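Shown next, in structure tokens, is the structure this report addresses.
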Amino acid sequence: MNYPFKEKTEQAAQVLADVIQPTPLTPSSPLGEAIGGTVYLKQENLQLTNCCKARSAYFMLSGLSAEQRRHVVTVSTGNNGISMSWAMKKLGIPGTVFLPNTVVPHKVAAISQNPVEIIHEGEDIVDAEVVARAYAAEHNLTFRSPYNEWDAMYAQATIAREILAQLADLGDDVNSIVVPVGGGGLIGGIAGYLRSVRPDIEIIGVQPANSAVMAESVRANKILEMPSLPTLSDATAGGVEQGAVTFAFCRDYVDDYILVSEEEIGHAMLLLDEYHGIVVEGSGALSVAALLQKARFC
């Protein structure tokens, strides 16, 4: 592996140290009993902006030159827009966020709380991304993707770094890590880092069956253009940009993919609330849904 993931992840961790808060690693006895092992939940729902995108948003923007900071354009199904608009405000960077028309209203409202322009375009994030890139090029503005960026992967890799450190403090270790997948920025970063420092750890990706573009693309060995159906996991929904840097990591460094139904996602959301008092959106329950699926078929 020739990618400098360990060094770049350490750099990202240093930049984020005074900005991003470490999130809890919460043990789950019910899930552990279900699968016959020990399960920890990495609670990025308690991160600033309530999702892991705060890490990538701040790190991507903090590394921009003065000229690049003149105005930044991005695209989102919701969470990246919330996080990027937060980071733009924090760093004093003007910005525009392109959103597909399917983004849920409360996420649009959250983005609107920060001083950015919002433009709605298309029904899928890939549609919005094509227009956003063209808009940035036409107006000579900086574009940053929610997932198709090296810096986004390095920043998300800090989650894996954090998990290893937290487990070491507990005197424990990890055999497998189960990660929600959309465009591949999160799992690509985690996989890239772990293959550098702990290649023995199994990495499993999870997608909703209604929007499994990355998993199906990996199986086809090329990025597919395929429709997505509505899903509770709106934060991972939609297509993958052709030529995305995340694809090779998702193909080469992820051991397997699990697809979960809408019923399984909903059940996992309810279980997290019932047993742990943890309220998450659909994407935050994907890994739990995959574990419950595994428990049923063991």
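Ordering of the structure tokens sets the chain letters (A, B, ...), residue numbers begin anew at 1 in every chain, and ligands are numbered from 1 in the order given.
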
Within 12 Å of stretch 69-92 of chain A, which residues of stretch 155-190 of chain A show up? Give each one with its shortest atom-to-atom distance in Å (one decimal) and the two atoms involved, counting only C-alpha atoms, rows by chain then rising residue number, as CSV.
residue,atom,partner,partner_atom,distance
A:Gly182,CA,A:Thr77,CA,10.3
A:Gly183,CA,A:Ser76,CA,10.9
A:Gly185,CA,A:Asn80,CA,11.3
A:Leu186,CA,A:Asn80,CA,11.9

If you keep all heavy atoms, can you produce a file of those selected residues as a PDB file, in the first residue's frame?
ATOM      1  N   GLY A 182     -21.856   5.425   1.995  1.00  0.00           N
ATOM      2  CA  GLY A 182     -22.562   6.187   0.974  1.00  0.00           C
ATOM      3  C   GLY A 182     -21.647   6.312  -0.222  1.00  0.00           C
ATOM      4  O   GLY A 182     -21.472   5.397  -1.013  1.00  0.00           O
ATOM      5  N   GLY A 183     -20.979   7.464  -0.321  1.00  0.00           N
ATOM      6  CA  GLY A 183     -20.010   7.664  -1.393  1.00  0.00           C
ATOM      7  C   GLY A 183     -18.643   7.077  -1.098  1.00  0.00           C
ATOM      8  O   GLY A 183     -17.776   7.069  -1.969  1.00  0.00           O
ATOM      9  N   GLY A 185     -16.429   7.992   1.513  1.00  0.00           N
ATOM     10  CA  GLY A 185     -15.442   8.803   2.213  1.00  0.00           C
ATOM     11  C   GLY A 185     -15.132   8.286   3.604  1.00  0.00           C
ATOM     12  O   GLY A 185     -13.968   8.231   4.014  1.00  0.00           O
ATOM     13  N   LEU A 186     -16.173   7.900   4.340  1.00  0.00           N
ATOM     14  CA  LEU A 186     -15.989   7.397   5.704  1.00  0.00           C
ATOM     15  C   LEU A 186     -15.288   6.042   5.707  1.00  0.00           C
ATOM     16  O   LEU A 186     -14.229   5.880   6.330  1.00  0.00           O
ATOM     17  CB  LEU A 186     -17.347   7.294   6.404  1.00  0.00           C
ATOM     18  CG  LEU A 186     -17.353   6.645   7.793  1.00  0.00           C
ATOM     19  CD1 LEU A 186     -16.481   7.419   8.764  1.00  0.00           C
ATOM     20  CD2 LEU A 186     -18.790   6.532   8.314  1.00  0.00           C
TER      21      LEU A 186
END

Near-A:Ser56 list (8 Å; only C-alpha atoms; drop same-chain fewer than 2 positions) as a VMD selection string: chain A and resid 52 to 54 58 to 60 146 151 to 156

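Those residues of stretch 86-258 of chain A that DSSP, working from the backbone, places in strand (DSSP E) are Gly95, Thr96, Val97, Phe98, Leu99, Glu117, Ile118, Ile119, His120, Thr142, Phe143, Arg144, Ser176, Ile177, Val178, Val179, Pro180, Glu202, Ile203, Ile204, Gly205, Val206, Gln207, Pro208, Asp256, Tyr257 and Ile258 of chain A.
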
For the residues in that selection, give me C-alpha atoms as an mmCIF file, in the first residue's frame.
data_model
loop_
_atom_site.group_PDB
_atom_site.id
_atom_site.type_symbol
_atom_site.label_atom_id
_atom_site.label_comp_id
_atom_site.auth_asym_id
_atom_site.auth_seq_id
_atom_site.Cartn_x
_atom_site.Cartn_y
_atom_site.Cartn_z
ATOM 1 C CA GLY A 95 -20.105 29.334 0.527
ATOM 2 C CA THR A 96 -22.824 27.761 -1.577
ATOM 3 C CA VAL A 97 -24.409 24.378 -0.848
ATOM 4 C CA PHE A 98 -26.124 22.433 -3.636
ATOM 5 C CA LEU A 99 -28.823 20.029 -2.462
ATOM 6 C CA GLU A 117 -26.400 30.192 -0.206
ATOM 7 C CA ILE A 118 -28.538 27.084 -0.864
ATOM 8 C CA ILE A 119 -29.353 25.896 -4.400
ATOM 9 C CA HIS A 120 -31.623 22.906 -5.069
ATOM 10 C CA THR A 142 -13.440 26.291 -5.031
ATOM 11 C CA PHE A 143 -15.408 23.025 -5.064
ATOM 12 C CA ARG A 144 -15.201 20.425 -2.317
ATOM 13 C CA SER A 176 -14.071 -6.268 13.055
ATOM 14 C CA ILE A 177 -15.434 -2.827 12.342
ATOM 15 C CA VAL A 178 -18.816 -2.277 10.649
ATOM 16 C CA VAL A 179 -19.192 1.024 8.802
ATOM 17 C CA PRO A 180 -22.098 2.812 7.038
ATOM 18 C CA GLU A 202 -11.945 -7.082 9.239
ATOM 19 C CA ILE A 203 -13.792 -4.150 7.628
ATOM 20 C CA ILE A 204 -17.460 -4.545 6.715
ATOM 21 C CA GLY A 205 -19.481 -1.934 4.836
ATOM 22 C CA VAL A 206 -23.246 -1.545 5.202
ATOM 23 C CA GLN A 207 -25.694 0.047 2.794
ATOM 24 C CA PRO A 208 -29.481 0.180 2.552
ATOM 25 C CA ASP A 256 -17.458 -7.466 2.542
ATOM 26 C CA TYR A 257 -20.698 -5.535 2.191
ATOM 27 C CA ILE A 258 -24.022 -6.160 3.902
#

Residue set, stretch 103-192 of chain A restricted to helix (DSSP H, G or I), as a PyMOL selection string: chain A and resi 105-112+125-138+150-169+185-192

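Residue nearest A:Thr246 within the list A:Gln293, A:Ser261, A:Ser145, A:Gln21: A:Ser145 [criterion: smallest interatomic distance, only C-alpha atoms].
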
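The gap separating atom CA of A:Val245 from atom CA of A:Asn140 is 22.8 Å, in Å to one decimal.
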
Selected residue, from A:Ser211, A:Thr9, A:Gln68, A:Asn101, that lies nearest to A:Ala136 when counting only C-alpha atoms: A:Gln68

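When only C-alpha atoms are used to compute distances to A:Glu162, the closest of the residues A:Lys42, A:Arg198, A:His267, A:Arg251 turns out to be A:Lys42.
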
Nearby residues (only C-alpha atoms) at most 10 Å from A:Val197, same-chain spacing under 6 positions excluded, as a ChimeraX atom specification: /A:5-6,161

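Straight-line separation from atom CA of A:Val254 to atom CA of A:Ala128: 27.3 Å.
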
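Counting from atom CA of A:Glu263, the distance to atom CA of A:Ala215 is 19.3 Å.
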
Best match for closeness to A:Ser283 among A:Asn45, A:Glu225, A:Ala66, A:Asp200, counting only C-alpha atoms: A:Asn45

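Closest approach to A:Glu123 from the set A:Thr49, A:Thr236, A:Ser228, A:Ser287 is made by A:Ser228, with distances taken over only C-alpha atoms.
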
Top pick for closest residue to A:Val213, considering A:Val130, A:Val104, A:Cys250, A:Leu16 and counting only C-alpha atoms: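 Selected residue with least distance to A:Val213: A:Cys250.
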